[in-house]
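Just below is one structure, and these are the notes that go with it.
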Amino acid sequence: MIAHHRLKRIILAMLLFLIFPIAWVTRTFLCSNHVNICIYHILTNKSCPFCGLTRAIACATHGDFNSAFIHHPLWWLAVVIILCIAFVSFFDAVRKTDYLSFSKNFLLIPFWVIIIVLLILALFRLLIFC
């Protein structure tokens with residue numbers, strides 16, 4: 001792997017690992033007075049499938065797992081995905097491998113499959129909160 005690719009992978013890994021301390025620090029800001037950072041929600045006044053995910057991760061970093069599940073029931077899946085990509089990216093840079101290149105194949109997934117997955121996620125959230 002070329003040196004600048006290794007540097008990009010290390011930067012990606014560090015940015016992904018930084019999500020958790022940033023969420024820990026910003027929890028009081030995110031959970032106070034209905035602060036909303038979702039552009040879709042601000043424009044349409046409707047929740048997107050990812051609404052509440054940032055608050056949920058912030059609550060989880062403080063050990064408040066009940067609130068995390070209330071904000072978004074699949075927060076743990078986002079944490080697993082973030083950590084997997086961060087670790088793979090870091091190990092790619094250290095070991096000079098290219099396991100993260102599987103993400104290039106993600107662009108080959110048909111758009112309708114992504115829409116169906118997002119709709120299933122939205123229905124899942126509706127069923128949990130209703």
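Chain identifiers are assigned as A, B, and so on, following the order in which chains appear in the structure tokens; residues are numbered from 1 within each chain, and ligands are numbered from 1 in order of appearance.
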Problem set entry | Residue set, chain A restricted to helix (DSSP H, G or I), as a count of residues only | 97
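If you measure from each of A:Cys59, A:Leu77, A:Leu127, A:Ala3 to Ala93 in chain A using only C-alpha atoms, the closest one turns out to be A:Ala3.
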